[in-house]
$ cat upload_13.cif   # mmCIF, C-alpha atoms
data_structure
loop_
_atom_site.label_atom_id
_atom_site.label_comp_id
_atom_site.auth_asym_id
_atom_site.auth_seq_id
_atom_site.Cartn_x
_atom_site.Cartn_y
_atom_site.Cartn_z
CA MET P 63 85.63 254.46 136.17
CA ILE P 64 84.16 252.45 133.30
CA VAL P 65 86.93 251.83 130.77
CA ASP P 66 85.15 249.36 128.47
CA ALA P 67 81.67 248.06 127.68
CA GLU P 68 80.44 245.10 125.63
CA ALA P 69 76.81 244.12 124.97
CA ILE P 70 76.17 240.37 124.82
CA PRO P 71 73.27 237.90 125.01
CA THR P 72 72.46 236.46 128.44
CA ARG P 73 74.48 233.28 127.90
CA THR P 74 77.37 232.20 130.10
CA TYR P 75 79.59 231.37 127.11
CA ASP P 76 79.15 234.87 125.69
CA GLU P 77 79.91 236.43 129.08
CA VAL P 78 83.20 234.53 129.23
CA ALA P 79 84.13 235.61 125.70
CA ALA P 80 83.22 239.23 126.44
CA THR P 81 85.40 239.23 129.55
CA ARG P 82 88.41 238.20 127.48
CA THR P 83 87.57 240.81 124.84
CA MET P 84 87.28 243.67 127.33
CA ILE P 85 90.47 242.79 129.21
CA GLU P 86 92.50 242.49 125.99
CA ARG P 87 90.98 245.65 124.51
CA THR P 88 91.58 247.69 127.67
CA GLU P 89 95.22 246.61 127.77
CA ALA P 90 95.70 247.45 124.08
CA ARG P 91 94.02 250.88 124.32
CA PHE P 92 94.98 252.14 127.76
CA ASP P 93 97.86 249.86 128.79
CA LEU P 94 95.76 248.77 131.77
CA LYS P 95 95.88 245.17 132.92
CA PRO P 96 94.11 244.08 136.12
CA ARG P 97 95.94 242.13 138.81
CA ARG P 98 92.63 240.56 139.88
CA LEU P 99 89.15 240.13 138.52
CA ALA P 100 86.01 239.93 140.66
CA ALA P 101 82.87 238.33 139.28
CA ASP P 102 79.89 236.25 140.35
CA THR P 103 79.51 232.47 140.28
CA ALA P 104 78.45 232.43 136.60
CA TYR P 105 82.09 233.11 135.72
CA GLY P 106 83.43 230.27 137.87
CA THR P 107 82.70 227.44 135.47
CA GLY P 108 86.32 226.77 134.51
CA LYS P 109 87.07 228.54 131.23
CA ILE P 110 87.41 232.08 132.54
CA PRO P 111 89.44 231.16 135.70
CA ALA P 112 91.80 229.15 133.48
CA TRP P 113 92.21 232.06 131.05
CA LEU P 114 92.80 234.50 133.93
CA VAL P 115 95.42 232.27 135.59
CA GLU P 116 97.15 231.82 132.23
CA HIS P 117 97.39 235.61 131.87
CA GLY P 118 98.56 236.28 135.42
CA ILE P 119 95.25 237.62 136.76
CA GLU P 120 93.92 236.36 140.08
CA PRO P 121 90.35 234.98 139.72
CA HIS P 122 88.43 236.38 142.69
CA ILE P 123 85.40 234.37 141.62
CA PRO P 124 83.24 231.93 143.61
CA VAL P 125 83.57 228.54 141.91
CA TRP P 126 80.39 227.06 140.45
CA ASP P 127 80.45 223.57 141.93
CA ARG P 128 77.61 221.04 141.93
CA SER P 129 79.65 218.01 142.96
CA THR P 130 78.38 217.88 146.55
CA ARG P 131 75.73 215.20 146.97
CA LYS P 132 72.77 215.49 149.29
CA ASP P 133 71.84 211.80 149.52
CA SER P 134 74.53 210.91 152.12
CA THR P 135 76.73 209.24 149.46
CA PHE P 136 80.33 210.24 148.86
CA SER P 137 81.04 213.51 147.04
CA ARG P 138 84.09 214.31 144.94
CA VAL P 139 85.75 216.02 147.93
CA ASP P 140 85.90 212.59 149.59
CA PHE P 141 88.30 211.44 146.86
CA SER P 142 91.89 212.71 146.80
CA TYR P 143 93.47 213.73 143.50
CA ASP P 144 97.12 213.17 142.61
CA GLY P 145 98.13 215.58 139.86
CA GLU P 146 101.44 213.90 139.09
CA ARG P 147 99.85 210.49 138.55
CA ASP P 148 96.55 211.95 137.27
CA VAL P 149 94.45 209.60 139.38
CA TYR P 150 91.81 209.88 142.07
CA THR P 151 91.97 207.69 145.18
CA CYS P 152 88.76 206.56 146.85
CA PRO P 153 88.25 206.36 150.66
CA ARG P 154 89.29 202.68 150.51
CA GLY P 155 92.57 203.51 148.76
CA LYS P 156 91.62 202.27 145.28
CA ALA P 157 92.64 204.24 142.18
CA LEU P 158 90.28 205.80 139.64
CA LYS P 159 91.87 206.40 136.24
CA SER P 160 90.85 208.29 133.11
CA SER P 161 91.21 207.33 129.48
CA GLY P 162 92.16 210.93 128.70
CA LYS P 163 89.16 211.45 126.42
CA VAL P 164 87.53 214.86 126.88
CA LEU P 165 83.73 214.62 126.77
CA SER P 166 81.29 217.12 125.31
CA ASP P 167 80.90 218.92 128.64
CA ASN P 168 84.66 219.59 128.80
CA THR P 169 85.20 217.00 131.52
CA LEU P 170 87.23 213.84 131.96
CA ARG P 171 85.73 210.72 133.55
CA TYR P 172 87.76 208.84 136.14
CA LEU P 173 86.57 205.26 136.60
CA ALA P 174 87.26 202.70 139.29
CA SER P 175 87.66 199.01 138.55
CA ILE P 176 84.46 196.96 138.73
CA CYS P 177 86.50 194.30 140.54
CA ASP P 178 87.37 196.86 143.23
CA CYS P 179 83.86 198.32 143.56
CA GLY P 180 81.87 195.08 143.51
CA PRO P 181 82.97 193.60 146.86
CA CYS P 182 83.71 196.98 148.51
CA PRO P 183 81.91 197.42 151.88
CA LEU P 184 81.47 201.15 151.11
CA LYS P 185 79.72 200.61 147.77
CA ALA P 186 76.32 201.57 149.21
CA ARG P 187 77.75 204.96 150.18
CA CYS P 188 79.78 205.39 147.01
CA CYS P 189 78.01 204.10 143.88
CA PRO P 190 74.86 202.21 144.95
CA HIS P 191 73.21 202.43 141.49
CA THR P 192 76.20 201.80 139.20
CA PRO P 193 78.67 198.90 138.94
CA GLN P 194 81.67 201.18 139.40
CA CYS P 195 82.49 204.59 140.80
CA LYS P 196 82.78 207.53 138.38
CA ILE P 197 84.31 210.94 139.10
CA PRO P 198 83.98 213.82 136.60
CA ARG P 199 86.76 216.41 136.46
CA ASP P 200 86.69 219.66 134.52
CA ILE P 201 89.66 220.05 132.17
CA ASN P 202 90.27 223.42 133.87
CA GLU P 203 89.89 222.09 137.40
CA HIS P 204 93.42 223.24 138.31
CA ALA P 205 92.31 226.85 137.79
CA ARG P 206 89.10 226.24 139.72
CA ASP P 207 91.16 224.80 142.57
CA TYR P 208 93.29 227.94 142.56
CA ALA P 209 90.18 230.13 142.67
CA ARG P 210 88.89 228.06 145.61
CA SER P 211 92.17 228.63 147.45
CA LEU P 212 91.70 232.41 147.16
CA ALA P 213 88.17 232.39 148.58
CA GLY P 214 88.02 233.80 152.09
CA THR P 215 91.36 235.60 151.88
CA GLU P 216 91.54 239.34 152.60
CA PRO P 217 92.16 240.33 148.93
CA PHE P 218 89.22 238.16 147.85
CA GLU P 219 86.89 239.76 150.42
CA THR P 220 88.10 243.22 149.38
CA SER P 221 87.26 242.42 145.75
CA HIS P 222 83.84 241.18 146.84
CA ARG P 223 83.12 244.47 148.61
CA GLU P 224 84.42 246.58 145.73
CA ARG P 225 82.32 244.63 143.23
CA LYS P 226 79.21 245.98 144.95
CA LYS P 227 80.27 249.48 143.91
CA VAL P 228 80.35 248.32 140.30
CA GLU P 229 76.90 246.76 140.66
CA MET P 230 75.65 250.16 141.78
CA LEU P 231 76.52 251.54 138.34
CA PHE P 232 74.15 249.00 136.77
CA ALA P 233 71.44 249.94 139.27
CA HIS P 234 71.95 253.62 138.38
CA LEU P 235 71.55 252.79 134.69
CA LYS P 236 68.21 251.10 135.33
CA CYS P 237 66.78 253.48 137.91
CA HIS P 238 68.01 256.89 136.73
CA MET P 239 68.89 256.49 133.06
CA GLY P 240 65.93 254.41 131.85
CA PHE P 241 67.91 251.30 130.91
CA GLU P 242 65.20 248.83 131.77
CA HIS P 243 64.65 248.34 128.02
CA LEU P 244 66.96 249.04 125.10
CA ARG P 245 65.74 251.37 122.37
CA LEU P 246 68.05 250.39 119.51
CA ARG P 247 67.78 247.06 117.70
CA GLY P 248 70.38 244.35 117.26
CA PHE P 249 73.73 243.78 118.98
CA SER P 250 75.25 246.74 117.18
CA GLY P 251 72.54 249.04 118.50
CA ALA P 252 72.83 247.56 121.99
CA ASN P 253 76.60 248.06 121.92
CA ASP P 254 76.18 251.69 120.88
CA GLU P 255 73.61 252.29 123.59
CA PHE P 256 75.73 250.73 126.32
CA LEU P 257 78.82 252.60 125.12
CA LEU P 258 76.99 255.93 125.29
CA ALA P 259 75.62 255.11 128.74
CA ALA P 260 79.06 254.07 130.02
CA THR P 261 80.54 257.30 128.63
CA VAL P 262 77.91 259.35 130.46
CA GLN P 263 78.56 257.43 133.68
CA SER P 264 82.30 258.08 133.47
CA LEU P 265 81.84 261.77 132.61
CA ARG P 266 79.52 262.22 135.60
CA ARG P 267 82.11 260.70 137.91
CA LEU P 268 84.89 262.83 136.42
CA ALA P 269 82.76 265.95 136.90
CA LYS P 270 82.19 265.08 140.54
CA LEU P 271 85.90 264.49 141.11
CA ALA P 272 86.76 267.79 139.42
CA ALA P 273 84.32 269.60 141.71
CA ILE P 274 86.01 268.35 144.87
CA PRO P 275 88.19 271.19 146.26
CA PRO P 276 91.82 270.31 146.96
CA PRO P 277 92.77 269.83 150.61
CA ILE P 278 94.01 272.91 152.45
CA PRO P 279 97.52 272.40 153.84
CA LYS P 280 97.78 272.82 157.58
CA ALA P 281 100.39 275.05 159.14
CA ALA P 282 103.06 273.28 161.14
#
$ encode --input "upload_13.cif" --output "structure tokens"
Amino acid sequence: MIVDAEAIPTRTYDEVAATRTMIERTEARFDLKPRRLAADTAYGTGKIPAWLVEHGIEPHIPVWDRSTRKDSTFSRVDFSYDGERDVYTCPRGKALKSSGKVLSDNTLRYLASICDCGPCPLKARCCPHTPQCKIPRDINEHARDYARSLAGTEPFETSHRERKKVEMLFAHLKCHMGFEHLRLRGFSGANDEFLLAATVQSLRRLAKLAAIPPPIPKAA
């Protein structure tokens, strides 16, 4: 059943904000709070998994990760992270530290010492074009790590299968209810149109459930 709808522009930031809005609004109106949330990779950027973990909701979301390199040089997974010390350790055992300054892309930069990188025999595989190794880390990486740990588990795979049923509702809107283009203008009009469509979808499902005859008890 559709319990909430929110029209937004096609921007990742707005999708994250709308997710928070719908979860909070659904809890306030219907006293419904999900134990898990399934979504596609666009929601695995860091902000929404962190918000979900903070509110006790499991993020069944594939993590959006572009840290793997394809030029045979070391990737971030080749460096171990120590949360207590807040340092990365390179394959040669040298520490990479951060100044603690959060950059505009919501990441921290962990830098190795130039004195360590310069004579290192692995420099060609680590940082061939820079004087020192640099590792970016999202400020919400702890939540992304938690989401990664859930991937492949039975509950995660169940959420992935159930999410396809939700996607079918969108397909039904486009194919059978003419939602390829909106008719009303502005976000307010779009919200009204989506709300009406979601209401119709839910009423159709309720009508089908009401039409199902109750099971006939069998004699012992």
$ residues_around --input "upload_13.cif" --residues "Tyr172 (chain P)" --least-positions-apart "4" --cutoff "9 Å" --atoms "all atoms listed in the file" --output "PDB file with C-alpha atoms, in the frame of the given file"
ATOM      1  CA  VAL P 149      94.450 209.600 139.380  1.00  0.00           C
ATOM      2  CA  TYR P 150      91.810 209.880 142.070  1.00  0.00           C
ATOM      3  CA  LEU P 158      90.280 205.800 139.640  1.00  0.00           C
ATOM      4  CA  LYS P 159      91.870 206.400 136.240  1.00  0.00           C
ATOM      5  CA  SER P 160      90.850 208.290 133.110  1.00  0.00           C
ATOM      6  CA  SER P 161      91.210 207.330 129.480  1.00  0.00           C
ATOM      7  CA  GLY P 162      92.160 210.930 128.700  1.00  0.00           C
ATOM      8  CA  CYS P 195      82.490 204.590 140.800  1.00  0.00           C
ATOM      9  CA  LYS P 196      82.780 207.530 138.380  1.00  0.00           C
ATOM     10  CA  ILE P 197      84.310 210.940 139.100  1.00  0.00           C
ATOM     11  CA  PRO P 198      83.980 213.820 136.600  1.00  0.00           C
ATOM     12  CA  ARG P 199      86.760 216.410 136.460  1.00  0.00           C
TER      13      ARG P 199
END
$ resolve_selection --input "upload_13.cif" --expression "the PyMOL selection byres ((chain P and resi 207) around 12)" --output "ChimeraX atom specification"
/P:106-108,111-112,115,121-127,139,143,145,199-206,208-213
$ atom_distance --input "upload_13.cif" --atom1 "CA of Arg266 (chain P)" --atom2 "CA of Ala100 (chain P)"
23.8 Å
$ resolve_selection --input "upload_13.cif" --expression "the PyMOL selection byres ((chain P and resi 151-153) around 12)" --output "VMD selection string"
chain P and resid 135 to 145 147 to 150 154 to 159 172 to 175 178 to 179 182 to 185 187 to 189 194 to 197
$ atom_distance --input "upload_13.cif" --atom1 "CA of Ile64 (chain P)" --atom2 "CA of Ser264 (chain P)"
5.9 Å
$ atom_distance --input "upload_13.cif" --atom1 "CA of Lys226 (chain P)" --atom2 "CA of Leu246 (chain P)"
28.1 Å
$ resolve_selection --input "upload_13.cif" --expression "the PyMOL selection byres ((chain P and resi 117-119) around 6)" --output "VMD selection string"
chain P and resid 97 to 98 114 to 116 120
$ closest_residue --input "upload_13.cif" --among "P:Ala101, P:Ile176, P:Thr88, P:Val65" --to "Arg223 (chain P)" --atoms "all atoms listed in the file"
P:Ala101
$ residues_around --input "upload_13.cif" --residues "Ala259 (chain P)" --least-positions-apart "5" --cutoff "9 Å" --atoms "all atoms listed in the file" --output "ChimeraX atom specification"
/P:235,239,241,254,264
$ closest_residue --input "upload_13.cif" --among "P:Pro193, P:Pro96, P:Gly180, P:Pro275" --to "Thr81 (chain P)" --atoms "all atoms listed in the file"
P:Pro96
$ residues_around --input "upload_13.cif" --residues "Thr83 (chain P)" --least-positions-apart "2" --cutoff "12 Å" --atoms "all atoms listed in the file" --output "list of chain:residue names"
P:Asp66, P:Ala67, P:Glu68, P:Ala69, P:Ile70, P:Asp76, P:Glu77, P:Val78, P:Ala79, P:Ala80, P:Thr81, P:Ile85, P:Glu86, P:Arg87, P:Thr88, P:Glu89, P:Ala90, P:Arg91, P:Ile110, P:Trp113
